[in-house]
Amino acid sequence: MAQISLTFPDGNSRDYASGVTPAEVAESIAPSLAKKAISAQVNGIHWDLAWPIEANAEIAINTMKDAEPALELIRHDCAHIMARAVQEIWPDVKVTIGPVIENGFYYDFDREEPFTPEDLGVIEAKMKEIINRRDPVTTEIWERGRVVDFYKANNEPYKVELIEAIPGDEPLRMYWHGAWQDLCRGPHFQHTGQVPADAFKLMSVAGAYWRGDSNRPMLQRIYGVAFQNRQQLKDHLHFLEEAEKRDHRRLGREMNLFHFEEVAPGSVFWHPAGWSLFQSLIGYMRRRQEAAGYVEVNSPDIMDKALWETSGHWQNYRENMFLAETQDDREYALKPMNCPGHMMIYNQGIKSYRDLPLKIAEFGKVHRYEPSGALHGLLRVRSFTQDDAHIYCTEEQLTEECLKVNDLILSIYSDFGFDDVHVKLSTRPENRIGSDESWDKSEGALRTALDTAGMSYTIFEGEGAFYGPKLEYVLRDAIGRDWQCGTLQVDYNLPSRFNTTYVAASGEKLEPIMLHRALFGSLERFIGIMIENYAGRLPFWLAPRQVVVASIVSEADSFVMEVVEMLKAAGIRAEPDIRNEKINYKIREHSVGKVPVILAIGRKEVDDRTVTIRRLGEKQTSVEPVEAVVDALTGEAVPPDLR
């Protein structure tokens, strides 16, 4: 029998008979390792303990201590065990697919009756029963025809369709968990008892079209989460509870900031307080950009198809664009990006090398098609405002301008309390425009800027835009979630497509390099992120309703109005509450609305010209002279860039 050589992580090698399984390899090393083994890495591929190895390879044996492979197996086996449990309880249910997803798994089912929350508890109990049976998990390779015949005989039409959609004619892998079977690439555990019975939970049921096609049957998708142990599950459920408390959609209603309507899916209806917050962000950013040398412009919302053909968006981005045709048969598109409009502005008049770098900024509303199922409050919309800018510079200025943008972004995020920032560098995709030489220069400039700034970053090969590589700035919020916000892209291509030039010192015409830059990214999305990061308790300077002055008795009404006017004169967003309601009712209502400061005024406060201060989230109150309170709050209301 042919021999193969297997190399272990410590560099040592051993010879085995071709076809040896990782389970046999683990046993040859130590019986204790064989008992702990759950899978292997073979040449970097996650490998089932039962799969044969037929050529020289590098191998590492995985145990439950290896988090990534362990979680993949736990979650994948949970999906299969859930499907088995459903079919044991309801034999007529048809199964489709059940992949691993972030933090867990799901499986899609075809069942006439909708699953209920009570059903999830029944399924969980059956899953634990299956786990406790410790049924063996086995696998075989079958020819396609045999697989199709098997599923037809078992009345599983979705499996038959899946097989027919798989290209090629190579054999397929079949898995059995006890007597229950599924088509699967694997790997899996060796028996059902290896799944931690106290570390998973079924979470919800949702509708999902078969193959994502709205013309196909609507299935029921059961979601679950799974972890290595009970404590990890408990921590995750606590995290979900905290995230639910911070949900910006709920807080947006409580704070009366915005709402959504079906007449404009994916577009925001801003209420007065929400629009005040929106404008505060724009005011802050406008000051920061002016200080950094940007000029502000505005470009049309709808432009002719020809412009988008020149930019390349028509060929590369049309499925995400909203299109329109007029009675004179001209085709237009609502702008998904601001860059072509800025090219038209730059091209007005002759530019000299002395004019560069030229930094053009716009708070431009853009429109991008997102599937209805992907829309999510402010975080995923179809119409949003970008704090967009384009920097036109020479090749000699490129790295310095990238560095300036990087410094500006980090400074801005720090002002909003985000100091944990990671950078992703996305490089050239397969579907791209421009020469390899220009891509080399673009990617090199971004790397040099990051290295100069001492920034750590992760490279995402092939994830850049079709016209240039990009940096993506990822913020980590108060409960550990990551949010991608700002971007910086280097573009050698768009200026060429628009015949954009500048006159060099030598007198010749050269093409500038174009930097695409967004700092907040989408203002709508950034507001959603901030609301969730602060659980609605926005910093005082940013809060749309900063102070409510509430009367305790009607005799205090006139002094309440006087205090409100004093606060407004100092530039503070203040409002009175002189309704005929008990003070505790008023405090509860405004606390739910996340008003940072409530000033209560009764008879004694009127006589002493004082106010009782209650800050959001604090039980203690204090009584202070009104002038001192106004002075203190005036200082707190100053935006960080003006302090």
# chains A, B, ... in the order shown; residues from 1 in each chain; ligands from 1
$ residues_around --residues "Arg614 (chain A)" --least-positions-apart "4" --cutoff "7 Å" --atoms "only C-alpha atoms" --output "NGL selection string"
:A and (597-599 or 621)
$ residues_around --residues "Gly193 (chain A)" --least-positions-apart "4" --cutoff "6 Å" --atoms "only C-alpha atoms" --output "tab-separated table (two decimals) with N, CA and C atoms, in the first residue's frame"
chain	number	residue	atom	x	y	z
A	131	ILE	N	-29.19	14.85	21.24
A	131	ILE	CA	-27.80	14.99	21.69
A	131	ILE	C	-27.49	13.93	22.74
A	132	ASN	N	-28.40	13.73	23.67
A	132	ASN	CA	-28.17	12.75	24.75
A	132	ASN	C	-28.17	11.31	24.25
A	134	ARG	N	-26.44	10.32	21.80
A	134	ARG	CA	-25.06	10.09	21.36
A	134	ARG	C	-25.02	9.21	20.10
$ residues_around --residues "Glu395 (chain A)" --least-positions-apart "5" --cutoff "12 Å" --atoms "only C-alpha atoms" --output "compact mmCIF listing (two decimals) with N, CA and C atoms, in the first residue's frame"
# COMPACT_ATOMS: atom_id res chain seq x y z
N TYR A 353 -1.44 73.73 -11.21
CA TYR A 353 -0.84 72.99 -10.10
C TYR A 353 -0.88 73.81 -8.82
N LEU A 356 -3.90 73.01 -6.59
CA LEU A 356 -3.97 71.69 -5.97
C LEU A 356 -3.16 71.64 -4.68
N PRO A 357 -3.60 70.89 -3.69
CA PRO A 357 -4.81 70.06 -3.72
C PRO A 357 -6.08 70.91 -3.64
N GLU A 400 0.70 62.46 1.33
CA GLU A 400 0.44 63.45 2.37
C GLU A 400 -1.05 63.69 2.54
N GLU A 401 -1.80 63.75 1.42
CA GLU A 401 -3.24 63.98 1.51
C GLU A 401 -3.95 62.77 2.13
N CYS A 402 -3.50 61.57 1.80
CA CYS A 402 -4.07 60.37 2.44
C CYS A 402 -3.85 60.42 3.96
N SER A 438 -1.46 51.87 -12.16
CA SER A 438 -2.18 52.85 -11.35
C SER A 438 -2.69 52.22 -10.05
N LYS A 441 0.20 52.04 -7.59
CA LYS A 441 0.46 53.35 -6.97
C LYS A 441 -0.61 53.67 -5.92
N SER A 442 -1.88 53.39 -6.25
CA SER A 442 -2.99 53.71 -5.34
C SER A 442 -2.86 52.93 -4.04
N GLY A 444 -0.22 51.47 -2.89
CA GLY A 444 1.01 51.86 -2.20
C GLY A 444 0.84 53.13 -1.39
N ALA A 445 0.09 54.11 -1.93
CA ALA A 445 -0.11 55.37 -1.21
C ALA A 445 -0.90 55.13 0.07
N VAL A 490 -8.51 55.87 -3.38
CA VAL A 490 -7.60 56.52 -4.33
C VAL A 490 -8.03 56.13 -5.74
N ASP A 491 -8.17 57.12 -6.62
CA ASP A 491 -8.74 56.88 -7.95
C ASP A 491 -7.89 57.58 -9.02
N TYR A 492 -7.20 56.76 -9.81
CA TYR A 492 -6.47 57.28 -10.97
C TYR A 492 -7.35 57.30 -12.22
N ALA A 504 0.54 71.75 -15.27
CA ALA A 504 1.71 71.55 -14.41
C ALA A 504 2.67 72.74 -14.51
N LEU A 510 -1.69 67.63 -17.20
CA LEU A 510 -1.62 66.32 -16.55
C LEU A 510 -2.96 66.02 -15.86
N GLU A 511 -3.19 64.75 -15.64
CA GLU A 511 -4.41 64.34 -14.93
C GLU A 511 -4.15 64.34 -13.43
N PRO A 512 -5.03 64.96 -12.65
CA PRO A 512 -4.86 64.89 -11.19
C PRO A 512 -5.25 63.50 -10.69
N ILE A 513 -4.81 63.19 -9.50
CA ILE A 513 -5.29 61.99 -8.81
C ILE A 513 -6.48 62.41 -7.95
N MET A 514 -7.46 61.56 -7.87
CA MET A 514 -8.70 61.90 -7.15
C MET A 514 -8.83 61.01 -5.92
N LEU A 515 -9.03 61.62 -4.77
CA LEU A 515 -9.33 60.88 -3.55
C LEU A 515 -10.82 61.02 -3.24
$ residues_around --residues "Glu309 (chain A)" --least-positions-apart "5" --cutoff "10 Å" --atoms "only C-alpha atoms" --output "ChimeraX atom specification"
/A:304,314-316,318,497
$ atom_distance --atom1 "CA of Ser32 (chain A)" --atom2 "CA of Ala60 (chain A)"
15.3 Å
$ select_by_dssp --residues "region 438-517 of chain A" --states "alpha helix (DSSP H)" --output "list in words"
Ser438, Trp439, Asp440, Lys441, Ser442, Glu443, Gly444, Ala445, Leu446, Arg447, Thr448, Ala449, Leu450, Asp451, Thr452, Ala453, Leu494, Pro495, Ser496 and Arg497 of chain A
$ residues_around --residues "Gly571 (chain A)" --least-positions-apart "3" --cutoff "8 Å" --atoms "only C-alpha atoms" --output "PyMOL selection string"
chain A and resi 567-568+634+637
$ closest_residue --among "A:Tyr175, A:Tyr369, A:Phe540, A:Phe466" --to "Phe416 (chain A)" --atoms "only C-alpha atoms"
A:Phe540
$ select_by_dssp --residues "region 317-515 of chain A" --states "strand (DSSP E)" --output "JSON, numbers by chain"
{"A": [323, 324, 325, 331, 332, 333, 334, 358, 359, 360, 361, 362, 363, 364, 365, 366, 367, 383, 384, 385, 386, 387, 388, 389, 390, 391, 392, 393, 421, 422, 423, 424, 425, 426, 457, 458, 459, 460, 470, 471, 472, 473, 474, 475, 476, 482, 483, 484, 485, 486, 487, 488, 489, 490, 491, 502, 503, 509, 510, 513, 514, 515]}
$ atom_distance --atom1 "CA of Pro69 (chain A)" --atom2 "CA of Val421 (chain A)"
27.6 Å
$ residues_around --residues "region 261-275 of chain A" --least-positions-apart "6" --cutoff "8 Å" --atoms "only C-alpha atoms" --output "JSON, numbers by chain"
{"A": [255, 372, 375, 376, 377, 378, 380, 381, 382, 383, 384, 544, 545]}
$ residues_around --residues "Pro114 (chain A)" --least-positions-apart "2" --cutoff "10 Å" --atoms "only C-alpha atoms" --output "PDB file with N, CA and C atoms, in the first residue's frame"
ATOM      1  N   ASP A 110     -40.164  23.725   4.849  1.00  0.00           N
ATOM      2  CA  ASP A 110     -41.432  23.882   4.160  1.00  0.00           C
ATOM      3  C   ASP A 110     -42.488  23.163   4.996  1.00  0.00           C
ATOM      4  N   ARG A 111     -43.296  23.967   5.694  1.00  0.00           N
ATOM      5  CA  ARG A 111     -44.348  23.439   6.559  1.00  0.00           C
ATOM      6  C   ARG A 111     -45.594  24.283   6.389  1.00  0.00           C
ATOM      7  N   GLU A 112     -46.745  23.653   6.268  1.00  0.00           N
ATOM      8  CA  GLU A 112     -47.981  24.397   6.045  1.00  0.00           C
ATOM      9  C   GLU A 112     -48.324  25.280   7.239  1.00  0.00           C
ATOM     10  N   THR A 116     -44.582  28.317  15.993  1.00  0.00           N
ATOM     11  CA  THR A 116     -44.911  29.263  17.063  1.00  0.00           C
ATOM     12  C   THR A 116     -43.750  29.333  18.049  1.00  0.00           C
ATOM     13  N   PRO A 117     -43.715  30.362  18.915  1.00  0.00           N
ATOM     14  CA  PRO A 117     -42.682  30.398  19.962  1.00  0.00           C
ATOM     15  C   PRO A 117     -42.701  29.144  20.835  1.00  0.00           C
ATOM     16  N   ASP A 119     -43.474  26.199  19.792  1.00  0.00           N
ATOM     17  CA  ASP A 119     -42.844  25.132  19.001  1.00  0.00           C
ATOM     18  C   ASP A 119     -41.327  25.146  19.175  1.00  0.00           C
ATOM     19  N   VAL A 205     -38.257  32.757  14.368  1.00  0.00           N
ATOM     20  CA  VAL A 205     -38.702  32.216  13.080  1.00  0.00           C
ATOM     21  C   VAL A 205     -38.927  33.391  12.141  1.00  0.00           C
ATOM     22  N   ALA A 206     -38.502  33.240  10.890  1.00  0.00           N
ATOM     23  CA  ALA A 206     -38.717  34.289   9.892  1.00  0.00           C
ATOM     24  C   ALA A 206     -39.078  33.636   8.567  1.00  0.00           C
ATOM     25  N   GLY A 207     -39.700  34.406   7.694  1.00  0.00           N
ATOM     26  CA  GLY A 207     -39.990  33.917   6.354  1.00  0.00           C
ATOM     27  C   GLY A 207     -38.771  34.073   5.462  1.00  0.00           C
ATOM     28  N   LEU A 219     -40.685  29.835   2.662  1.00  0.00           N
ATOM     29  CA  LEU A 219     -40.310  28.840   3.654  1.00  0.00           C
ATOM     30  C   LEU A 219     -40.282  29.481   5.036  1.00  0.00           C
ATOM     31  N   GLN A 220     -40.086  28.646   6.059  1.00  0.00           N
ATOM     32  CA  GLN A 220     -39.935  29.143   7.425  1.00  0.00           C
ATOM     33  C   GLN A 220     -38.502  28.869   7.881  1.00  0.00           C
TER      34      GLN A 220
END
$ closest_residue --among "A:Gly486, A:Gly312, A:Pro136, A:Gly121" --to "Leu202 (chain A)" --atoms "only C-alpha atoms"
A:Gly121
$ closest_residue --among "A:Arg133, A:Lys470, A:Lys365, A:Arg643" --to "Val195 (chain A)" --atoms "only C-alpha atoms"
A:Arg133
$ closest_residue --among "A:Cys339, A:Leu446, A:Ile61, A:Val147" --to "Ala30 (chain A)" --atoms "only C-alpha atoms"
A:Ile61
$ closest_residue --among "A:Thr21, A:Leu33, A:Ile89, A:Asp577" --to "Ile59 (chain A)" --atoms "only C-alpha atoms"
A:Thr21
$ closest_residue --among "A:Lys35, A:Arg84, A:Arg286, A:Arg579" --to "Lys126 (chain A)" --atoms "only C-alpha atoms"
A:Arg84
